[in-house]
file structure_37.cif (mmCIF, C-alpha atoms)
data_work
#
loop_
_atom_site.label_atom_id
_atom_site.label_comp_id
_atom_site.auth_asym_id
_atom_site.auth_seq_id
_atom_site.Cartn_x
_atom_site.Cartn_y
_atom_site.Cartn_z
CA SER A 1 97.61 52.97 43.69
CA GLU A 2 101.33 53.40 43.23
CA ASN A 3 103.71 54.61 45.91
CA VAL A 4 101.12 55.10 48.66
CA SER A 5 104.13 55.06 50.96
CA THR A 6 107.78 55.06 49.94
CA GLY A 7 108.31 52.00 47.76
CA VAL A 8 104.82 50.60 48.56
CA ASP A 9 102.02 50.00 46.04
CA VAL A 10 98.47 48.78 46.80
CA HIS A 11 96.07 46.94 44.51
CA SER A 12 92.88 44.96 44.95
CA LEU A 13 91.21 42.15 43.05
CA LYS A 14 87.84 40.43 43.07
CA ALA A 15 87.75 36.73 43.96
CA PRO A 16 84.81 34.33 43.71
CA LEU A 17 83.03 33.02 46.81
CA GLY A 18 82.85 29.32 45.82
CA VAL A 19 79.50 27.53 45.81
CA VAL A 20 76.39 29.73 45.76
CA GLY A 21 72.71 28.80 45.94
CA ILE A 22 69.74 30.27 44.05
CA ILE A 23 66.15 29.63 45.15
CA SER A 24 63.69 30.84 42.51
CA PRO A 25 59.89 31.25 42.38
CA PHE A 26 57.27 29.70 40.11
CA ASN A 27 56.22 32.84 38.28
CA PHE A 28 59.38 33.46 36.22
CA PRO A 29 61.15 30.07 36.11
CA ALA A 30 63.74 31.22 33.54
CA MET A 31 64.04 35.01 34.02
CA VAL A 32 64.63 35.04 37.78
CA PRO A 33 67.37 32.38 37.75
CA LEU A 34 68.95 34.33 34.90
CA TRP A 35 69.09 37.42 37.13
CA PHE A 36 71.61 35.53 39.23
CA LEU A 37 73.36 32.57 37.66
CA PRO A 38 75.17 34.25 34.71
CA ILE A 39 76.75 36.82 37.05
CA ALA A 40 77.63 34.19 39.63
CA ILE A 41 79.27 31.97 37.02
CA ALA A 42 81.03 34.85 35.26
CA ALA A 43 82.47 35.89 38.62
CA GLY A 44 83.98 32.41 39.01
CA ASN A 45 81.50 30.61 41.27
CA THR A 46 79.64 27.34 40.89
CA VAL A 47 75.84 27.47 41.21
CA ILE A 48 73.13 25.26 42.67
CA LEU A 49 69.66 26.29 41.47
CA LYS A 50 66.60 25.13 43.47
CA PRO A 51 63.62 25.95 41.24
CA SER A 52 59.99 26.02 42.34
CA GLU A 53 58.47 22.56 42.55
CA LYS A 54 55.39 24.01 40.76
CA ASP A 55 57.23 24.36 37.42
CA PRO A 56 60.62 22.61 37.66
CA SER A 57 61.23 21.73 34.01
CA ALA A 58 62.49 25.19 32.92
CA ALA A 59 65.54 24.73 35.15
CA ASN A 60 66.31 21.39 33.50
CA TRP A 61 66.01 23.06 30.10
CA LEU A 62 68.45 25.82 31.14
CA ALA A 63 70.90 23.21 32.40
CA ALA A 64 70.68 21.28 29.13
CA LEU A 65 71.36 24.44 27.11
CA PHE A 66 74.37 25.35 29.26
CA SER A 67 75.71 21.84 28.86
CA GLU A 68 75.21 21.97 25.09
CA ALA A 69 77.04 25.31 25.01
CA GLY A 70 80.06 23.72 26.69
CA LEU A 71 79.78 24.73 30.33
CA PRO A 72 81.85 22.21 32.31
CA ASP A 73 79.99 19.66 34.41
CA GLY A 74 79.39 20.77 37.99
CA VAL A 75 79.47 24.51 37.33
CA PHE A 76 75.67 24.81 37.09
CA ASN A 77 73.60 22.30 39.04
CA VAL A 78 69.84 21.87 39.50
CA LEU A 79 68.45 20.63 42.82
CA HIS A 80 64.74 19.70 42.89
CA GLY A 81 62.65 19.53 46.03
CA ASP A 82 60.71 21.52 48.59
CA LYS A 83 61.58 22.86 52.06
CA GLU A 84 63.99 20.02 52.77
CA ALA A 85 66.07 20.96 49.73
CA VAL A 86 65.92 24.65 50.65
CA ASP A 87 67.06 24.01 54.22
CA GLY A 88 69.92 21.90 52.92
CA LEU A 89 71.23 24.87 50.96
CA LEU A 90 70.71 27.25 53.89
CA GLU A 91 72.60 25.01 56.30
CA HIS A 92 75.37 23.41 54.22
CA PRO A 93 78.77 24.87 55.19
CA GLU A 94 80.14 24.84 51.62
CA VAL A 95 77.32 27.03 50.26
CA ARG A 96 78.66 30.56 50.74
CA ALA A 97 75.76 32.72 49.53
CA ILE A 98 72.02 32.47 48.90
CA SER A 99 69.92 34.42 46.38
CA PHE A 100 66.15 34.18 46.74
CA VAL A 101 62.98 35.62 45.20
CA GLY A 102 59.54 34.84 46.64
CA SER A 103 57.03 35.91 49.27
CA THR A 104 57.99 38.12 52.20
CA PRO A 105 57.47 35.50 54.96
CA ILE A 106 59.72 33.03 53.14
CA ALA A 107 62.26 35.76 52.29
CA ARG A 108 62.50 36.62 55.99
CA TYR A 109 62.97 32.93 56.85
CA ILE A 110 65.64 32.53 54.14
CA TYR A 111 67.49 35.61 55.36
CA GLU A 112 67.41 34.73 59.05
CA THR A 113 68.34 31.06 58.57
CA ALA A 114 71.12 31.61 56.03
CA ALA A 115 72.60 34.57 57.93
CA LYS A 116 72.58 32.51 61.13
CA ASN A 117 74.70 29.98 59.25
CA GLY A 118 77.20 32.65 58.21
CA LYS A 119 76.14 33.09 54.59
CA ARG A 120 75.68 36.15 52.43
CA VAL A 121 72.01 36.61 51.60
CA GLN A 122 69.95 38.60 49.11
CA ALA A 123 66.32 37.66 49.73
CA LEU A 124 63.72 39.52 47.67
CA GLY A 125 60.19 39.37 49.06
CA GLY A 126 56.70 40.53 48.21
CA ALA A 127 55.12 43.79 47.21
CA LYS A 128 52.00 45.92 47.09
CA ASN A 129 52.80 48.31 44.28
CA HIS A 130 50.88 51.60 43.97
CA MET A 131 50.34 53.73 40.89
CA LEU A 132 49.70 57.39 41.73
CA VAL A 133 47.56 59.13 39.10
CA LEU A 134 47.50 62.93 39.16
CA PRO A 135 44.61 64.95 37.65
CA ASP A 136 46.75 66.13 34.71
CA ALA A 137 47.72 62.58 33.62
CA ASP A 138 47.01 61.24 30.14
CA LEU A 139 44.19 58.88 31.16
CA ASP A 140 44.34 56.78 27.99
CA LEU A 141 48.04 56.09 28.64
CA THR A 142 47.25 55.49 32.31
CA ALA A 143 44.41 53.05 31.58
CA ASP A 144 46.60 51.07 29.17
CA ALA A 145 49.32 50.90 31.82
CA ALA A 146 46.91 49.87 34.57
CA VAL A 147 45.51 46.99 32.52
CA ASN A 148 48.93 45.73 31.44
CA ALA A 149 50.53 46.11 34.87
CA GLY A 150 47.53 44.90 36.86
CA PHE A 151 46.51 41.89 34.80
CA GLY A 152 49.60 40.91 32.80
CA SER A 153 50.98 37.53 33.91
CA ALA A 154 47.58 37.15 35.67
CA GLY A 155 48.90 39.51 38.33
CA GLU A 156 51.32 36.81 39.51
CA ARG A 157 54.43 38.96 39.70
CA CYS A 158 56.05 41.07 42.39
CA MET A 159 56.12 44.07 40.02
CA ALA A 160 52.37 44.02 39.31
CA ILE A 161 50.48 47.24 39.97
CA SER A 162 47.84 46.21 42.49
CA VAL A 163 46.63 49.62 43.73
CA ILE A 164 45.65 52.69 41.72
CA VAL A 165 45.83 55.79 43.91
CA ALA A 166 43.63 58.26 42.02
CA VAL A 167 43.83 61.94 42.93
CA GLU A 168 40.31 63.21 42.37
CA PRO A 169 38.49 64.07 40.19
CA VAL A 170 39.95 61.49 37.76
CA ALA A 171 38.85 58.15 39.28
CA ASP A 172 35.46 57.79 37.54
CA GLU A 173 36.83 58.50 34.07
CA LEU A 174 39.87 56.28 34.62
CA ILE A 175 37.72 53.37 35.85
CA ALA A 176 35.51 53.69 32.76
CA LYS A 177 38.55 53.59 30.46
CA ILE A 178 39.97 50.55 32.26
CA GLY A 179 36.60 48.82 31.92
CA GLU A 180 36.54 49.42 28.18
CA ARG A 181 39.95 47.80 27.83
CA VAL A 182 39.25 44.84 30.10
CA ALA A 183 36.16 44.04 28.00
CA THR A 184 38.44 43.34 25.02
CA LEU A 185 40.80 40.97 26.85
CA LYS A 186 40.76 37.30 25.92
CA ILE A 187 41.25 34.92 28.85
CA GLY A 188 42.38 31.37 28.15
CA ASP A 189 45.04 28.89 27.08
CA GLY A 190 48.25 30.76 26.33
CA ARG A 191 48.77 28.64 23.22
CA ARG A 192 45.60 30.13 21.71
CA ASN A 193 46.74 33.75 21.39
CA CYS A 194 45.09 34.82 24.65
CA ASP A 195 45.87 37.94 26.68
CA MET A 196 45.79 36.33 30.12
CA GLY A 197 46.12 32.73 31.26
CA PRO A 198 45.13 30.76 34.36
CA LEU A 199 46.55 31.04 37.85
CA VAL A 200 49.20 28.59 38.99
CA THR A 201 47.15 26.24 41.21
CA ARG A 202 43.55 25.68 42.23
CA GLN A 203 44.38 26.55 45.83
CA HIS A 204 45.92 29.87 44.80
CA ARG A 205 43.03 30.69 42.44
CA ASP A 206 40.54 30.09 45.24
CA LYS A 207 42.55 32.23 47.66
CA VAL A 208 42.74 35.13 45.19
CA ALA A 209 39.00 34.87 44.45
CA SER A 210 38.23 34.96 48.18
CA TYR A 211 39.53 38.54 48.32
CA ILE A 212 36.60 39.62 46.15
CA GLU A 213 34.26 38.45 48.90
CA VAL A 214 36.39 40.30 51.45
CA ALA A 215 36.10 43.49 49.37
CA GLU A 216 32.31 43.23 49.27
CA ALA A 217 32.16 42.63 53.03
CA ASP A 218 34.40 45.65 53.64
CA GLY A 219 32.11 47.96 51.66
CA ALA A 220 34.17 48.27 48.48
CA LYS A 221 32.51 48.28 45.06
CA VAL A 222 33.34 45.39 42.71
CA VAL A 223 33.29 47.10 39.29
CA ILE A 224 34.53 44.09 37.30
CA ASP A 225 34.15 40.61 38.81
CA GLY A 226 36.50 37.98 37.44
CA ARG A 227 34.72 35.03 39.04
CA GLY A 228 32.79 32.80 36.66
CA ILE A 229 34.77 33.93 33.64
CA GLU A 230 34.28 31.90 30.45
CA ALA A 231 37.80 31.12 29.36
CA ASP A 232 39.08 29.83 26.03
CA GLY A 233 40.60 26.77 27.61
CA ALA A 234 39.92 23.58 29.54
CA ALA A 235 36.99 23.91 31.92
CA GLU A 236 39.04 22.53 34.78
CA GLY A 237 41.65 25.28 34.43
CA PHE A 238 42.33 27.60 37.34
CA TRP A 239 40.61 30.59 35.78
CA LEU A 240 39.97 34.00 37.32
CA GLY A 241 39.31 36.99 35.09
CA PRO A 242 40.54 40.56 35.58
CA THR A 243 38.90 42.09 38.65
CA LEU A 244 38.58 45.81 39.39
CA ILE A 245 37.48 47.01 42.83
CA ASP A 246 36.70 50.67 43.61
CA ASP A 247 36.62 52.55 46.92
CA VAL A 248 38.76 49.99 48.72
CA PRO A 249 39.24 50.94 52.41
CA VAL A 250 42.91 51.04 53.42
CA THR A 251 41.93 48.95 56.46
CA SER A 252 40.82 46.08 54.19
CA LYS A 253 42.95 43.01 53.59
CA VAL A 254 42.30 43.65 49.90
CA TYR A 255 44.44 46.77 50.25
CA GLN A 256 47.00 45.48 52.73
CA ASP A 257 47.83 41.97 51.49
CA GLU A 258 49.86 40.94 48.48
CA ILE A 259 47.07 39.11 46.63
CA PHE A 260 49.29 37.94 43.74
CA GLY A 261 46.49 37.69 41.22
CA PRO A 262 44.49 39.75 38.70
CA VAL A 263 42.82 41.98 41.31
CA LEU A 264 43.27 45.73 40.90
CA ALA A 265 42.14 48.03 43.71
CA VAL A 266 41.29 51.74 43.41
CA VAL A 267 41.82 54.10 46.35
CA ARG A 268 40.62 57.69 45.91
CA VAL A 269 42.57 60.53 47.52
CA ARG A 270 42.22 64.32 47.54
CA SER A 271 45.82 65.38 46.87
CA TYR A 272 49.32 64.37 45.85
CA GLU A 273 50.39 64.65 49.49
CA GLU A 274 47.68 62.25 50.65
CA GLY A 275 48.61 59.74 47.95
CA LEU A 276 52.32 59.96 48.80
CA GLU A 277 51.63 59.43 52.49
CA LEU A 278 49.54 56.37 51.65
CA ILE A 279 52.34 54.81 49.60
CA ASN A 280 55.03 55.60 52.15
CA SER A 281 53.03 54.18 55.05
CA GLY A 282 52.83 50.70 53.50
CA ALA A 283 54.83 47.71 54.71
CA PHE A 284 56.34 47.07 51.28
CA GLY A 285 58.53 49.24 49.08
CA ASN A 286 59.23 47.27 45.93
CA GLY A 287 57.93 49.24 42.94
CA THR A 288 55.73 52.27 42.31
CA ALA A 289 54.74 54.59 39.50
CA ILE A 290 53.38 58.08 38.97
CA PHE A 291 51.34 59.16 35.96
CA THR A 292 51.45 62.88 35.30
CA ASN A 293 52.41 65.45 32.67
CA ASP A 294 53.98 67.71 35.32
CA GLY A 295 57.75 67.32 35.35
CA GLY A 296 58.05 69.02 38.72
CA ALA A 297 55.58 66.60 40.28
CA ALA A 298 57.43 63.65 38.78
CA ARG A 299 60.78 64.87 40.15
CA ARG A 300 59.23 65.54 43.55
CA PHE A 301 57.70 62.06 43.64
CA GLN A 302 60.92 60.25 42.78
CA ASN A 303 62.69 62.11 45.59
CA GLU A 304 59.97 61.76 48.23
CA VAL A 305 58.58 58.26 47.71
CA GLU A 306 60.13 55.51 49.87
CA VAL A 307 60.22 52.77 47.26
CA GLY A 308 63.17 51.07 45.58
CA MET A 309 62.06 51.17 41.92
CA ILE A 310 60.07 54.08 40.50
CA GLY A 311 58.38 54.51 37.15
CA ILE A 312 57.53 57.93 35.65
CA ASN A 313 54.63 57.25 33.25
CA VAL A 314 56.01 53.69 33.19
CA PRO A 315 53.94 51.13 35.08
CA ILE A 316 56.48 48.39 35.88
CA PRO A 317 59.88 49.94 36.56
CA VAL A 318 62.11 46.87 36.28
CA PRO A 319 65.68 48.11 35.66
CA VAL A 320 67.71 46.95 32.67
CA ALA A 321 70.58 44.63 33.48
CA TYR A 322 73.37 47.09 34.30
CA TYR A 323 71.22 48.63 37.03
CA SER A 324 70.13 46.49 39.98
CA PHE A 325 66.72 45.15 41.02
CA GLY A 326 65.34 45.44 44.55
CA GLY A 327 63.01 47.34 46.83
CA PHE A 328 62.84 48.75 50.34
CA LYS A 329 61.31 47.68 53.66
CA ASP A 330 59.62 44.24 53.71
CA SER A 331 60.35 43.76 50.00
CA ILE A 332 64.01 42.86 50.56
CA PHE A 333 66.19 41.28 53.22
CA GLY A 334 69.95 41.64 53.04
CA ASP A 335 72.25 44.43 51.94
CA THR A 336 72.47 43.78 48.21
CA LYS A 337 70.04 44.05 45.32
CA ALA A 338 69.88 41.57 42.45
CA TYR A 339 71.95 41.62 39.26
CA GLY A 340 73.84 44.63 37.88
CA LEU A 341 76.87 45.99 39.75
CA GLN A 342 75.39 45.06 43.13
CA GLY A 343 75.00 41.48 41.91
CA PHE A 344 78.65 41.31 40.87
CA ASN A 345 79.72 42.65 44.26
CA PHE A 346 77.49 40.10 45.99
CA TYR A 347 79.12 37.14 44.23
CA THR A 348 82.71 38.27 44.82
CA ARG A 349 84.95 39.17 47.72
CA GLU A 350 87.86 41.56 47.60
CA LYS A 351 91.50 40.90 48.25
CA ALA A 352 93.81 43.88 48.79
#

call {"tool": "encode", "arguments": {"input": "structure_37.cif", "output": "structure tokens"}}
result
Amino acid sequence: SENVSTGVDVHSLKAPLGVVGIISPFNFPAMVPLWFLPIAIAAGNTVILKPSEKDPSAANWLAALFSEAGLPDGVFNVLHGDKEAVDGLLEHPEVRAISFVGSTPIARYIYETAAKNGKRVQALGGAKNHMLVLPDADLDLTADAAVNAGFGSAGERCMAISVIVAVEPVADELIAKIGERVATLKIGDGRRNCDMGPLVTRQHRDKVASYIEVAEADGAKVVIDGRGIEADGAAEGFWLGPTLIDDVPVTSKVYQDEIFGPVLAVVRVRSYEEGLELINSGAFGNGTAIFTNDGGAARRFQNEVEVGMIGINVPIPVPVAYYSFGGFKDSIFGDTKAYGLQGFNFYTREKA
């Protein structure tokens, strides 16, 4: 701005922070780091990536590719380990900012610990994403979306649809259409042209499967049971097939918890208003979707729902790169979303 006062100009510039840390989850060992590290490096920072110990080799592969492309040594660094490595990043005085994606309890810990040590933090946590289906929706489109968003990546993603909120009278027909599609899915080794693979560990598979027992105890109806699935893969694999549960009580842990597996719950409601209230009363606010052919209802939903990313006849509303990724409530800790313009602002500070 020229001549803001007599003979005085003002200008500002963006400067890098220095060393920044990225702590990434097992489920997307390349994509999630790539939400952060290209922006951090382009903004002039050096990066330390701490990948999940469950699948660490993707980070090494990324580092090798960057090195081959000519990135100078020390600009992108990979740190392997568990909580000890994480705490080192959170506490080290030269690490200026922390980016994290994972479960809500760990996101809260990351945020509180790093902030206490004077760092910038963007900590993305868990989710319980609802899909509101209105009576006028295209149920074939909706069933396709429910299967892809509920069971894709074996449900191990924070943008999975885990609850269908069906405004009656559509639930029975929608459940039948989902069942038809699930029957065609091939479960097995991902190298054999399968639709859905195993879960990440035996412990996690067993935990996810235990929710089916909880549903039965809570009076819900297990329409499709993924336990005992015959998979096209090694018998010792951590298999659990697509599972569909109807009439899930909102008091059940099946409804309340982030299960992080191929378990899709159906909750029946009487009206749009009841469905909206259900979504807005949840602890999480990561992603949501509405399926309808009514443009007014879609516009009303996007204005009234208290969720950070909203799909209109789109089941997983992950923004493209020049928008930013992040939710509301217990789905995010910190003031800044991931990537996009907010990501650039996170990795820079302004001089004026």

call {"tool": "closest_residue", "arguments": {"input": "structure_37.cif", "among": "A:Met196, A:Ile229, A:Ala127, A:Val222", "to": "Gln256 (chain A)", "atoms": "all atoms listed in the file"}}
result
A:Ala127

call {"tool": "residues_near_point", "arguments": {"input": "structure_37.cif", "point": "(52.2, 23.3, 33.3)", "cutoff": "10 Å", "atoms": "all atoms listed in the file", "output": "number ranges by chain"}}
result
A: 54-57, 200-201

call {"tool": "residues_around", "arguments": {"input": "structure_37.cif", "residues": "region 190-192 of chain A", "least_positions_apart": "3", "cutoff": "12 Å", "atoms": "only C-alpha atoms", "output": "list in words"}}
result
Ser153, Ala154, Lys186, Ile187, Asp195, Met196, Gly197, Pro198, Leu199, Ala231, Asp232, Gly233, Ala234 and Gly237 of chain A

call {"tool": "write_last_selection", "arguments": {"input": "structure_37.cif", "atoms": "C-alpha atoms", "output": "CSV table (one decimal), keeping the file's coordinate frame"}}
result
chain,number,residue,atom,x,y,z
A,153,SER,CA,51.0,37.5,33.9
A,154,ALA,CA,47.6,37.2,35.7
A,186,LYS,CA,40.8,37.3,25.9
A,187,ILE,CA,41.2,34.9,28.8
A,195,ASP,CA,45.9,37.9,26.7
A,196,MET,CA,45.8,36.3,30.1
A,197,GLY,CA,46.1,32.7,31.3
A,198,PRO,CA,45.1,30.8,34.4
A,199,LEU,CA,46.6,31.0,37.8
A,231,ALA,CA,37.8,31.1,29.4
A,232,ASP,CA,39.1,29.8,26.0
A,233,GLY,CA,40.6,26.8,27.6
A,234,ALA,CA,39.9,23.6,29.5
A,237,GLY,CA,41.6,25.3,34.4

call {"tool": "resolve_selection", "arguments": {"input": "structure_37.cif", "expression": "the PyMOL selection byres ((chain A and resi 306-320) around 10)", "output": "count of residues only"}}
result
58

call {"tool": "residues_around", "arguments": {"input": "structure_37.cif", "residues": "Ala43 (chain A)", "least_positions_apart": "6", "cutoff": "8 Å", "atoms": "only C-alpha atoms", "output": "list in words"}}
result
Ala15, Pro16, Phe344, Tyr347 and Thr348 of chain A

call {"tool": "resolve_selection", "arguments": {"input": "structure_37.cif", "expression": "the PyMOL selection byres ((chain A and resi 75) around 8)", "output": "VMD selection string"}}
result
chain A and resid 41 45 to 47 71 to 74 76 to 77

call {"tool": "write_last_selection", "arguments": {"input": "structure_37.cif", "atoms": "C-alpha atoms", "output": "PDB file, in the coordinates of the input"}}
result
ATOM      1  CA  ILE A  41      79.270  31.970  37.020  1.00  0.00           C
ATOM      2  CA  ASN A  45      81.500  30.610  41.270  1.00  0.00           C
ATOM      3  CA  THR A  46      79.640  27.340  40.890  1.00  0.00           C
ATOM      4  CA  VAL A  47      75.840  27.470  41.210  1.00  0.00           C
ATOM      5  CA  LEU A  71      79.780  24.730  30.330  1.00  0.00           C
ATOM      6  CA  PRO A  72      81.850  22.210  32.310  1.00  0.00           C
ATOM      7  CA  ASP A  73      79.990  19.660  34.410  1.00  0.00           C
ATOM      8  CA  GLY A  74      79.390  20.770  37.990  1.00  0.00           C
ATOM      9  CA  PHE A  76      75.670  24.810  37.090  1.00  0.00           C
ATOM     10  CA  ASN A  77      73.600  22.300  39.040  1.00  0.00           C
TER      11      ASN A  77
END

call {"tool": "atom_distance", "arguments": {"input": "structure_37.cif", "atom1": "CA of Val86 (chain A)", "atom2": "CA of Glu53 (chain A)"}}
result
11.2 Å

call {"tool": "residues_around", "arguments": {"input": "structure_37.cif", "residues": "Ile106 (chain A)", "least_positions_apart": "6", "cutoff": "10 Å", "atoms": "all atoms listed in the file", "output": "count of residues only"}}
result
6
